[in-house]
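Here's protein-v1.csv, which has CSV, C-alpha atoms and all ligand atoms:
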```csv
chain,number,residue,atom,x,y,z
G,1,MET,CA,-17.1,1.1,-9.4
G,2,PRO,CA,-17.8,3.9,-11.9
G,3,ARG,CA,-17.6,2.9,-15.6
G,4,ARG,CA,-14.4,4.2,-17.2
G,5,LEU,CA,-14.5,4.6,-21.0
G,6,ALA,CA,-11.9,5.5,-23.5
G,7,VAL,CA,-12.9,8.4,-25.7
G,8,ASN,CA,-14.3,7.9,-29.2
G,9,PRO,CA,-17.4,9.3,-31.0
G,10,ASP,CA,-19.6,6.5,-29.6
G,11,THR,CA,-18.6,7.0,-26.0
G,12,ILE,CA,-19.0,10.8,-26.3
G,13,ALA,CA,-22.5,10.2,-27.7
G,14,GLU,CA,-23.3,7.8,-24.9
G,15,ALA,CA,-22.1,10.3,-22.3
G,16,ALA,CA,-24.1,13.1,-23.8
G,17,ALA,CA,-27.2,10.9,-23.9
G,18,LEU,CA,-26.7,10.1,-20.2
G,19,LEU,CA,-26.4,13.8,-19.3
G,20,LYS,CA,-29.7,14.4,-21.2
G,21,ASP,CA,-31.2,11.7,-19.0
G,22,GLY,CA,-30.1,13.4,-15.9
G,23,ALA,CA,-27.1,11.2,-15.1
G,24,ILE,CA,-23.6,12.5,-14.0
G,25,VAL,CA,-20.6,12.2,-16.3
G,26,ALA,CA,-17.0,12.9,-15.3
G,27,PHE,CA,-14.9,14.3,-18.1
G,28,PRO,CA,-11.4,15.7,-18.6
G,29,THR,CA,-10.8,19.4,-19.0
G,30,GLU,CA,-7.4,21.2,-19.6
G,31,THR,CA,-7.3,22.1,-15.9
G,32,VAL,CA,-8.7,19.2,-13.9
G,33,TYR,CA,-11.5,16.6,-14.4
G,34,GLY,CA,-15.0,17.8,-13.9
G,35,LEU,CA,-18.1,16.1,-12.5
G,36,GLY,CA,-20.7,17.2,-15.0
G,37,ALA,CA,-24.5,17.5,-14.9
G,38,ASP,CA,-27.1,19.3,-17.1
G,39,THR,CA,-27.1,22.9,-15.8
G,40,PHE,CA,-30.9,23.0,-16.2
G,41,ASN,CA,-31.7,19.7,-14.4
G,42,GLU,CA,-32.0,20.3,-10.6
G,43,ALA,CA,-32.2,16.6,-9.7
G,44,ALA,CA,-28.9,16.0,-11.6
G,45,LEU,CA,-27.3,18.9,-9.9
G,46,ARG,CA,-28.4,17.6,-6.5
G,47,ARG,CA,-26.7,14.3,-7.3
G,48,VAL,CA,-23.4,16.1,-8.0
G,49,PHE,CA,-23.5,17.8,-4.6
G,50,ALA,CA,-24.4,14.5,-2.9
G,51,LEU,CA,-21.7,12.5,-4.7
G,52,LYS,CA,-19.0,15.0,-3.8
G,53,GLY,CA,-20.3,15.5,-0.3
G,54,ARG,CA,-20.3,19.2,-1.2
G,55,PRO,CA,-22.3,21.7,0.8
G,56,GLU,CA,-25.3,22.9,-1.4
G,57,ASP,CA,-24.3,26.5,-1.0
G,58,ASN,CA,-21.0,26.1,-2.8
G,59,PRO,CA,-21.7,27.3,-6.4
G,60,LEU,CA,-20.8,25.3,-9.6
G,61,ILE,CA,-19.1,26.5,-12.8
G,62,ALA,CA,-21.2,26.2,-15.9
G,63,HIS,CA,-19.2,24.9,-18.9
G,64,VAL,CA,-20.2,26.3,-22.3
G,65,ARG,CA,-19.0,26.1,-25.8
G,66,ASP,CA,-18.7,29.8,-26.4
G,67,ALA,CA,-20.0,33.2,-25.6
G,68,ASP,CA,-23.3,32.5,-27.3
G,69,GLU,CA,-24.0,29.6,-25.0
G,70,ALA,CA,-22.8,31.6,-22.0
G,71,ARG,CA,-25.7,34.0,-22.8
G,72,LEU,CA,-28.2,31.3,-21.9
G,73,VAL,CA,-27.1,31.2,-18.3
G,74,VAL,CA,-26.4,34.9,-17.5
G,75,VAL,CA,-28.7,38.0,-17.3
G,76,GLU,CA,-26.4,40.1,-19.4
G,77,TRP,CA,-23.3,39.2,-21.4
G,78,ILE,CA,-21.4,42.4,-20.5
G,79,ALA,CA,-18.6,44.0,-22.6
G,80,GLN,CA,-15.9,43.0,-20.1
G,81,ALA,CA,-17.0,39.3,-20.4
G,82,ASP,CA,-16.9,39.6,-24.1
G,83,ALA,CA,-13.4,41.1,-24.1
G,84,LEU,CA,-12.1,38.4,-21.8
G,85,ALA,CA,-13.8,35.5,-23.7
G,86,THR,CA,-12.4,36.8,-27.0
G,87,GLN,CA,-8.9,36.7,-25.6
G,88,PHE,CA,-8.9,33.7,-23.2
G,89,TRP,CA,-11.7,31.3,-24.3
G,90,PRO,CA,-11.6,28.5,-24.8
G,91,GLY,CA,-9.3,28.2,-21.8
G,92,PRO,CA,-8.9,28.2,-18.0
G,93,LEU,CA,-10.8,31.4,-17.1
G,94,SER,CA,-14.1,31.3,-15.2
G,95,LEU,CA,-16.2,34.5,-15.3
G,96,ILE,CA,-18.8,35.3,-12.6
G,97,LEU,CA,-21.8,37.2,-13.9
G,98,SER,CA,-25.4,37.6,-12.8
G,99,ARG,CA,-27.4,34.3,-13.1
G,100,HIS,CA,-30.2,34.0,-15.6
G,101,ALA,CA,-33.6,33.3,-13.9
G,102,ASN,CA,-34.0,30.1,-16.0
G,103,VAL,CA,-31.0,28.5,-14.3
G,104,PRO,CA,-31.9,26.5,-11.2
G,105,ALA,CA,-30.7,28.3,-8.0
G,106,LEU,CA,-29.0,25.0,-7.0
G,107,ALA,CA,-26.6,25.4,-9.9
G,108,THR,CA,-25.1,28.4,-8.1
G,109,GLY,CA,-25.5,27.3,-4.5
G,110,GLY,CA,-28.5,29.6,-4.2
G,111,ARG,CA,-26.5,32.7,-5.4
G,112,ASP,CA,-27.8,35.1,-8.0
G,113,THR,CA,-24.4,35.0,-9.7
G,114,ILE,CA,-23.0,32.2,-11.9
G,115,ALA,CA,-19.5,31.3,-13.0
G,116,VAL,CA,-19.1,30.3,-16.7
G,117,ARG,CA,-16.1,29.0,-18.6
G,118,SER,CA,-15.5,27.5,-22.0
G,119,PRO,CA,-12.9,24.6,-21.7
G,120,SER,CA,-10.3,24.1,-24.4
G,121,HIS,CA,-9.9,20.3,-23.8
G,122,PRO,CA,-11.0,18.5,-27.0
G,123,VAL,CA,-13.0,15.9,-25.0
G,124,ALA,CA,-14.8,18.5,-23.0
G,125,ARG,CA,-15.6,20.4,-26.2
G,126,ALA,CA,-16.8,17.2,-28.0
G,127,LEU,CA,-19.0,16.5,-25.0
G,128,LEU,CA,-20.4,20.0,-25.0
G,129,ASN,CA,-21.1,19.8,-28.7
G,130,ALA,CA,-22.9,16.4,-28.4
G,131,PHE,CA,-24.9,17.5,-25.4
G,132,ASP,CA,-25.7,20.8,-27.0
G,133,GLY,CA,-26.1,22.9,-23.8
G,134,PRO,CA,-24.3,24.1,-20.7
G,135,ILE,CA,-22.8,21.5,-18.3
G,136,SER,CA,-22.3,22.4,-14.7
G,137,ALA,CA,-19.2,20.7,-13.3
G,138,PRO,CA,-17.2,21.1,-10.1
G,139,SER,CA,-13.8,19.4,-9.9
G,140,ALA,CA,-14.4,15.6,-9.8
G,141,ASN,CA,-13.1,14.9,-6.3
G,142,ARG,CA,-14.7,14.3,-3.0
G,143,SER,CA,-15.3,17.7,-1.4
G,144,GLY,CA,-12.2,19.2,0.1
G,145,HIS,CA,-9.8,16.7,-1.5
G,146,VAL,CA,-7.2,17.3,-4.1
G,147,SER,CA,-8.6,17.9,-7.6
G,148,PRO,CA,-8.3,15.0,-10.1
G,149,THR,CA,-5.9,15.3,-13.1
G,150,LEU,CA,-6.4,11.7,-14.3
G,151,ALA,CA,-9.4,9.5,-14.8
G,152,GLU,CA,-7.9,7.1,-12.2
G,153,HIS,CA,-8.1,9.9,-9.5
G,154,VAL,CA,-11.9,10.2,-10.1
G,155,LEU,CA,-12.3,6.4,-9.8
G,156,ASN,CA,-10.3,6.5,-6.5
G,157,ASP,CA,-12.5,9.2,-5.0
G,158,PHE,CA,-15.8,7.6,-6.0
G,159,PRO,CA,-15.4,3.8,-5.7
G,160,GLY,CA,-19.0,3.2,-4.9
G,161,ALA,CA,-20.6,5.3,-7.6
G,162,ASP,CA,-21.8,2.6,-10.0
G,163,ASP,CA,-23.9,5.0,-12.0
G,164,LEU,CA,-21.0,7.3,-12.7
G,165,LEU,CA,-19.5,7.3,-16.2
G,166,VAL,CA,-15.9,8.6,-16.4
G,167,LEU,CA,-14.5,9.6,-19.8
G,168,ASP,CA,-10.8,8.9,-19.8
G,169,GLY,CA,-9.0,11.6,-21.7
G,170,GLY,CA,-5.6,11.1,-20.1
G,171,PRO,CA,-3.8,13.6,-18.0
G,172,SER,CA,-5.1,17.2,-17.7
G,173,GLU,CA,-2.6,19.5,-19.3
G,174,PHE,CA,-2.6,22.5,-16.9
G,175,GLY,CA,-3.1,20.5,-13.7
G,176,ILE,CA,-4.5,23.3,-11.5
G,177,GLU,CA,-8.1,24.8,-11.6
G,178,SER,CA,-9.2,27.7,-13.6
G,179,THR,CA,-8.7,31.4,-12.6
G,180,VAL,CA,-12.1,32.5,-11.1
G,181,LEU,CA,-12.8,36.2,-11.8
G,182,ASP,CA,-15.8,38.0,-10.3
G,183,LEU,CA,-17.1,40.5,-12.9
G,184,THR,CA,-20.0,41.5,-10.6
G,185,GLN,CA,-17.7,43.6,-8.5
G,186,SER,CA,-15.9,46.8,-9.5
G,187,PRO,CA,-13.0,46.6,-10.0
G,188,PRO,CA,-13.3,42.9,-10.9
G,189,VAL,CA,-11.9,40.5,-8.2
G,190,ILE,CA,-9.8,37.3,-8.8
G,191,LEU,CA,-11.4,34.9,-6.3
G,192,ARG,CA,-9.0,32.0,-7.3
G,193,PRO,CA,-5.7,32.5,-9.1
G,194,GLY,CA,-4.9,30.2,-12.0
G,195,SER,CA,-2.8,30.2,-15.1
G,196,VAL,CA,-4.6,33.2,-16.5
G,197,SER,CA,-2.9,35.9,-14.6
G,198,ALA,CA,-4.1,39.2,-13.0
G,199,GLU,CA,-1.8,41.1,-15.3
G,200,ALA,CA,-3.1,39.4,-18.5
G,201,ILE,CA,-6.7,40.0,-17.3
G,202,ALA,CA,-6.1,43.7,-16.5
G,203,ALA,CA,-4.4,44.2,-19.9
G,204,ALA,CA,-7.3,42.6,-21.7
G,205,LEU,CA,-9.9,44.7,-19.8
G,206,GLY,CA,-7.9,47.9,-19.8
G,207,GLU,CA,-8.6,48.3,-16.1
G,208,PRO,CA,-7.0,47.0,-12.9
G,209,VAL,CA,-8.2,43.9,-11.1
G,210,THR,CA,-8.1,43.0,-7.4
G,211,VAL,CA,-6.8,39.7,-6.1
G,212,GLY,CA,-9.0,38.4,-3.3
G,213,LYS,CA,-7.4,37.1,-0.1
G,214,PRO,CA,-8.3,33.6,1.1
G,215,VAL,CA,-10.6,34.1,4.1
G,216,ARG,CA,-12.7,31.7,6.1
G,217,GLN,CA,-16.1,33.3,5.6
G,218,SER,CA,-15.6,33.7,1.9
G,219,SER,CA,-17.8,34.8,-1.0
G,220,SER,CA,-16.4,31.8,-2.8
G,221,PRO,CA,-16.1,28.6,-0.7
G,222,GLY,CA,-13.2,27.2,-2.8
G,223,THR,CA,-11.2,30.2,-1.7
G,224,SER,CA,-11.4,29.2,1.9
G,225,PRO,CA,-8.0,28.2,3.3
G,226,ALA,CA,-8.7,24.5,4.1
G,227,HIS,CA,-9.4,23.0,0.7
G,228,TYR,CA,-7.5,21.1,-2.0
G,229,ALA,CA,-5.9,19.0,0.7
G,230,PRO,CA,-4.4,15.5,0.7
G,231,ARG,CA,-5.5,13.2,3.6
G,232,THR,CA,-2.0,13.2,5.1
G,233,PRO,CA,-1.0,16.3,7.1
G,234,LEU,CA,1.1,18.6,4.9
G,235,ASP,CA,3.7,21.1,5.9
G,236,LEU,CA,5.3,23.7,3.6
G,237,VAL,CA,8.9,23.9,4.5
G,238,ALA,CA,11.8,26.1,3.2
G,239,ARG,CA,14.4,24.1,1.2
G,240,ASP,CA,17.2,24.6,3.7
G,241,GLU,CA,15.0,23.3,6.6
G,242,LEU,CA,13.9,20.1,4.8
G,243,LEU,CA,16.8,17.9,5.8
G,244,GLU,CA,16.7,19.0,9.4
G,245,ARG,CA,13.0,18.2,9.5
G,246,LEU,CA,13.7,14.7,8.1
G,247,SER,CA,16.5,13.9,10.4
G,248,SER,CA,14.5,14.9,13.5
G,249,SER,CA,11.7,12.5,12.6
G,250,ARG,CA,11.7,8.7,12.8
G,251,GLU,CA,8.2,8.6,11.4
G,252,PRO,CA,8.2,8.1,7.7
G,253,MET,CA,7.6,11.3,5.7
G,254,VAL,CA,7.3,12.0,2.0
G,255,VAL,CA,9.1,15.0,0.6
G,256,LEU,CA,8.1,16.9,-2.5
G,257,ALA,CA,11.3,18.7,-3.3
G,258,ILE,CA,12.1,20.8,-6.3
G,259,GLY,CA,15.0,18.9,-7.9
G,260,TRP,CA,17.2,16.3,-6.2
G,261,LEU,CA,17.5,16.0,-2.4
G,262,ASP,CA,19.4,13.2,-0.6
G,263,VAL,CA,16.5,11.9,1.5
G,264,PRO,CA,17.5,9.5,4.3
G,265,PRO,CA,15.4,6.4,5.0
G,266,PRO,CA,12.7,5.8,6.1
G,267,HIS,CA,11.6,8.9,4.2
G,268,ARG,CA,10.9,9.2,0.6
G,269,LEU,CA,11.5,11.7,-2.2
G,270,ILE,CA,9.0,12.8,-4.9
G,271,MET,CA,11.1,14.9,-7.1
G,272,MET,CA,9.3,18.0,-8.6
G,273,PRO,CA,10.3,20.0,-11.6
G,274,GLY,CA,11.6,23.5,-11.4
G,275,ASP,CA,9.4,24.7,-14.2
G,276,ALA,CA,6.1,26.1,-12.9
G,277,ASP,CA,3.9,24.6,-15.7
G,278,LEU,CA,5.5,21.2,-15.3
G,279,TYR,CA,5.2,21.5,-11.6
G,280,ALA,CA,1.5,22.3,-11.9
G,281,ALA,CA,0.8,19.4,-14.2
G,282,MET,CA,2.4,17.0,-11.7
G,283,LEU,CA,1.3,18.5,-8.4
G,284,TYR,CA,-2.1,16.8,-7.7
G,285,ASP,CA,-1.0,13.4,-8.9
G,286,SER,CA,2.1,13.8,-6.6
G,287,LEU,CA,0.0,14.7,-3.6
G,288,ARG,CA,-2.3,11.8,-4.2
G,289,LYS,CA,0.7,9.5,-4.6
G,290,ALA,CA,2.2,10.8,-1.4
G,291,ASP,CA,-1.1,10.0,0.3
G,292,THR,CA,-0.9,6.3,-0.8
G,293,THR,CA,2.6,5.8,0.8
G,294,LYS,CA,0.9,5.9,4.2
G,295,SER,CA,3.5,8.3,5.5
G,296,ARG,CA,2.7,10.3,8.6
G,297,ARG,CA,3.4,13.6,7.0
G,298,ILE,CA,4.0,15.3,3.7
G,299,LEU,CA,6.7,17.9,3.5
G,300,VAL,CA,6.5,20.2,0.5
G,301,GLU,CA,9.4,22.5,-0.4
G,302,ARG,CA,8.0,26.0,-0.4
G,303,PRO,CA,8.6,27.3,-3.9
G,304,THR,CA,10.3,30.7,-3.9
G,305,ALA,CA,10.6,31.5,-7.6
G,306,PRO,CA,8.7,34.5,-8.9
G,307,GLY,CA,5.9,34.3,-11.5
G,308,ASP,CA,2.1,34.1,-11.8
G,309,MET,CA,2.0,30.4,-12.1
G,310,TRP,CA,4.1,30.0,-9.0
G,311,ASP,CA,1.8,32.4,-7.2
G,312,ALA,CA,-1.2,30.2,-8.2
G,313,LEU,CA,0.7,27.1,-7.0
G,314,ARG,CA,1.6,28.8,-3.7
G,315,ASN,CA,-2.1,29.6,-3.3
G,316,ARG,CA,-3.0,25.9,-3.7
G,317,LEU,CA,-0.1,24.6,-1.6
G,318,GLY,CA,-1.0,27.1,1.2
G,319,ARG,CA,-4.5,25.7,1.2
G,320,ALA,CA,-3.3,22.1,1.2
G,321,ALA,CA,-1.2,22.9,4.2
G,322,SER,CA,-3.6,24.9,6.2
G,323,SER,CA,-5.8,21.9,7.2
G,324,THR,CA,-2.9,20.4,9.3
I,401,LIG,O1,-10.8,24.4,-13.7
I,401,LIG,C1,-11.9,24.5,-13.1
I,401,LIG,O2,-12.4,25.5,-12.7
I,401,LIG,C2,-12.5,23.1,-12.8
I,401,LIG,C3,-12.9,22.4,-14.1
I,401,LIG,C4,-13.7,21.2,-14.0
I,401,LIG,O3,-13.6,23.4,-14.9
I,401,LIG,N1,-13.7,23.3,-12.0
I,401,LIG,C5,-13.6,23.6,-10.7
I,401,LIG,O4,-14.8,23.7,-10.0
I,401,LIG,O5,-12.5,23.8,-10.1
I,401,LIG,P1,-15.0,23.7,-8.5
I,401,LIG,O6,-16.4,23.7,-8.2
I,401,LIG,O7,-14.2,22.7,-7.9
I,401,LIG,O8,-14.4,25.1,-8.1
I,401,LIG,C6,-15.1,26.3,-8.5
I,401,LIG,C7,-14.8,27.4,-7.6
I,401,LIG,C8,-15.3,27.2,-6.2
I,401,LIG,O9,-14.4,27.7,-5.3
I,401,LIG,C9,-16.6,28.0,-6.1
I,401,LIG,O10,-16.9,28.4,-4.8
I,401,LIG,C10,-16.2,29.2,-7.0
I,401,LIG,O11,-15.4,28.6,-8.0
I,401,LIG,N2,-17.4,29.7,-7.6
I,401,LIG,C11,-18.2,29.1,-8.6
I,401,LIG,N3,-19.3,29.9,-8.9
I,401,LIG,C12,-19.2,31.0,-8.1
I,401,LIG,C13,-20.0,32.1,-7.9
I,401,LIG,N4,-21.1,32.3,-8.5
I,401,LIG,N5,-19.6,33.0,-6.9
I,401,LIG,C14,-18.5,32.9,-6.2
I,401,LIG,N6,-17.7,31.8,-6.4
I,401,LIG,C15,-18.0,30.9,-7.3
I,402,MG,MG,-13.0,21.8,-6.6
```
Have the structure of the file written as structure tokens, please.
Ligand code: TXA
Ligand code: MG
Amino acid sequence: MPRRLAVNPDTIAEAAALLKDGAIVAFPTETVYGLGADTFNEAALRRVFALKGRPEDNPLIAHVRDADEARLVVVEWIAQADALATQFWPGPLSLILSRHANVPALATGGRDTIAVRSPSHPVARALLNAFDGPISAPSANRSGHVSPTLAEHVLNDFPGADDLLVLDGGPSEFGIESTVLDLTQSPPVILRPGSVSAEAIAAALGEPVTVGKPVRQSSSPGTSPAHYAPRTPLDLVARDELLERLSSSREPMVVLAIGWLDVPPPHRLIMMPGDADLYAAMLYDSLRKADTTKSRRILVERPTAPGDMWDALRNRLGRAASST
């Protein structure tokens, strides 16, 4: 089992020392938990890929304290990056720029670009301060699985990783991964939508941005359709078709409905909130809970409400569903 530690100055110092030694540390961010390694330590990076079962061509995000630290990993800290960092950092926005030659190619899956973000979570920031350098961290789940929003989720995904330290900082506030924005393209492209919206980015930049479509041969593997999926097959279903789907199945199913739904046995209800931010904060834990019920199928009510956060959620739900 990994070692799970409550957060205090001693455990932060221990985690930073472990990172310096080339070990892997899972830590909370405001979006989801990350599986961190020293950005400049190739052996540590390799361990992150191996532990996740992640293909070594899928690039990692480098977590930094601020723009000055971001400059260590990019060729040029361009004006667009500076404008966005001023407005959205620390926070859930990852910026793709050209990778500095000093950063091992493995940190970016062999690409000459690198994603950087400055997390706002106090534990992530305390760790970055104690470590005093960039920390590369993918979401701390097995590759392809639902991202972790609790320390417990990390423990569940890596039961055999005795050398893994997990800093337990409680639930992640946002609950879905950062917006990933590619600034090496013109106009800039959102590769993964998140809580920082296209409109907010365009306003900060004073220029339009494009929203990339999920495609199988993608320039960003996390944007491929089958990703972020629970183990149980998942269908996205319109609200008015949920009851019909349930009554036509004798195999137990779990339903994530928005608000109350009178679910007949043997099926089960996980009631989701109608507020997008609350929904996001609960989604991954709910999908993981649905997985543990050993139901044959998960039905998720297709959200229809407008809004950027709902769009980001539809993006994640679409990918969770497409593997079925
Ligand atoms: O909120 C988050 O972003 C979390 C927390 C831990 O910071 N991290 C996260 O990392 O979600 P990960 O590795 O699970 O997802 C990063 C996504 C992947 O889809 C990856 O392919 C894409 O960003 N990405 C990273 N660097 C890239 C690059 N240089 N070019 C294109 N896509 C990149
Ligand atoms: Mg991930």
(request) Check every protein, DNA and RNA residue against ligand LIG 401 (chain I), keep those with an atom at most 7 Å away (counting all atoms listed in the file), and present them as number ranges by chain. (result) G: 29, 31-35, 58-61, 92, 94, 96, 108, 111, 113-115, 119, 137-139, 176-180, 219-223
Please save C-alpha atoms of the selected residues as a PDB file, keeping the file's coordinate frame.
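Dumped to selection-v7.pdb:
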```
ATOM      1  CA  THR G  29     -10.800  19.400 -19.000  1.00  0.00           C
ATOM      2  CA  THR G  31      -7.300  22.100 -15.900  1.00  0.00           C
ATOM      3  CA  VAL G  32      -8.700  19.200 -13.900  1.00  0.00           C
ATOM      4  CA  TYR G  33     -11.500  16.600 -14.400  1.00  0.00           C
ATOM      5  CA  GLY G  34     -15.000  17.800 -13.900  1.00  0.00           C
ATOM      6  CA  LEU G  35     -18.100  16.100 -12.500  1.00  0.00           C
ATOM      7  CA  ASN G  58     -21.000  26.100  -2.800  1.00  0.00           C
ATOM      8  CA  PRO G  59     -21.700  27.300  -6.400  1.00  0.00           C
ATOM      9  CA  LEU G  60     -20.800  25.300  -9.600  1.00  0.00           C
ATOM     10  CA  ILE G  61     -19.100  26.500 -12.800  1.00  0.00           C
ATOM     11  CA  PRO G  92      -8.900  28.200 -18.000  1.00  0.00           C
ATOM     12  CA  SER G  94     -14.100  31.300 -15.200  1.00  0.00           C
ATOM     13  CA  ILE G  96     -18.800  35.300 -12.600  1.00  0.00           C
ATOM     14  CA  THR G 108     -25.100  28.400  -8.100  1.00  0.00           C
ATOM     15  CA  ARG G 111     -26.500  32.700  -5.400  1.00  0.00           C
ATOM     16  CA  THR G 113     -24.400  35.000  -9.700  1.00  0.00           C
ATOM     17  CA  ILE G 114     -23.000  32.200 -11.900  1.00  0.00           C
ATOM     18  CA  ALA G 115     -19.500  31.300 -13.000  1.00  0.00           C
ATOM     19  CA  PRO G 119     -12.900  24.600 -21.700  1.00  0.00           C
ATOM     20  CA  ALA G 137     -19.200  20.700 -13.300  1.00  0.00           C
ATOM     21  CA  PRO G 138     -17.200  21.100 -10.100  1.00  0.00           C
ATOM     22  CA  SER G 139     -13.800  19.400  -9.900  1.00  0.00           C
ATOM     23  CA  ILE G 176      -4.500  23.300 -11.500  1.00  0.00           C
ATOM     24  CA  GLU G 177      -8.100  24.800 -11.600  1.00  0.00           C
ATOM     25  CA  SER G 178      -9.200  27.700 -13.600  1.00  0.00           C
ATOM     26  CA  THR G 179      -8.700  31.400 -12.600  1.00  0.00           C
ATOM     27  CA  VAL G 180     -12.100  32.500 -11.100  1.00  0.00           C
ATOM     28  CA  SER G 219     -17.800  34.800  -1.000  1.00  0.00           C
ATOM     29  CA  SER G 220     -16.400  31.800  -2.800  1.00  0.00           C
ATOM     30  CA  PRO G 221     -16.100  28.600  -0.700  1.00  0.00           C
ATOM     31  CA  GLY G 222     -13.200  27.200  -2.800  1.00  0.00           C
ATOM     32  CA  THR G 223     -11.200  30.200  -1.700  1.00  0.00           C
TER      33      THR G 223
END
```
(message) Here is a test: counting only C-alpha atoms and all ligand atoms, which residue of G:Ala107, G:Leu72, G:Ala140, G:Ala126 is nearest to ligand MG 402 (chain I)?
(response) G:Ala140
(message) Neighbouring residues of Pro148 of chain G were defined as those with any atom within 12 Å, considering all atoms listed in the file; residues of the same chain fewer than 5 positions away were excluded. Please report them as a PyMOL selection string.
(response) chain G and resi 26-35+138-143+153-158+166+168+170-177+228-230+281-289
I need every residue sitting at most 8 Å from the point (3.9, 20.8, 6.4) (coordinates as in the file, only C-alpha atoms considered), written as a PDB file with C-alpha atoms, keeping the file's coordinate frame.
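Written output follows (out-v4.pdb):
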```
ATOM      1  CA  PRO G 233      -1.000  16.300   7.100  1.00  0.00           C
ATOM      2  CA  LEU G 234       1.100  18.600   4.900  1.00  0.00           C
ATOM      3  CA  ASP G 235       3.700  21.100   5.900  1.00  0.00           C
ATOM      4  CA  LEU G 236       5.300  23.700   3.600  1.00  0.00           C
ATOM      5  CA  VAL G 237       8.900  23.900   4.500  1.00  0.00           C
ATOM      6  CA  ARG G 297       3.400  13.600   7.000  1.00  0.00           C
ATOM      7  CA  ILE G 298       4.000  15.300   3.700  1.00  0.00           C
ATOM      8  CA  LEU G 299       6.700  17.900   3.500  1.00  0.00           C
ATOM      9  CA  VAL G 300       6.500  20.200   0.500  1.00  0.00           C
ATOM     10  CA  ALA G 321      -1.200  22.900   4.200  1.00  0.00           C
ATOM     11  CA  THR G 324      -2.900  20.400   9.300  1.00  0.00           C
TER      12      THR G 324
END
```
(message) Between atom CA of Arg65 of chain G and atom CA of Pro122 of chain G, what distance in Å does the model show, to one decimal?
(response) 11.1 Å
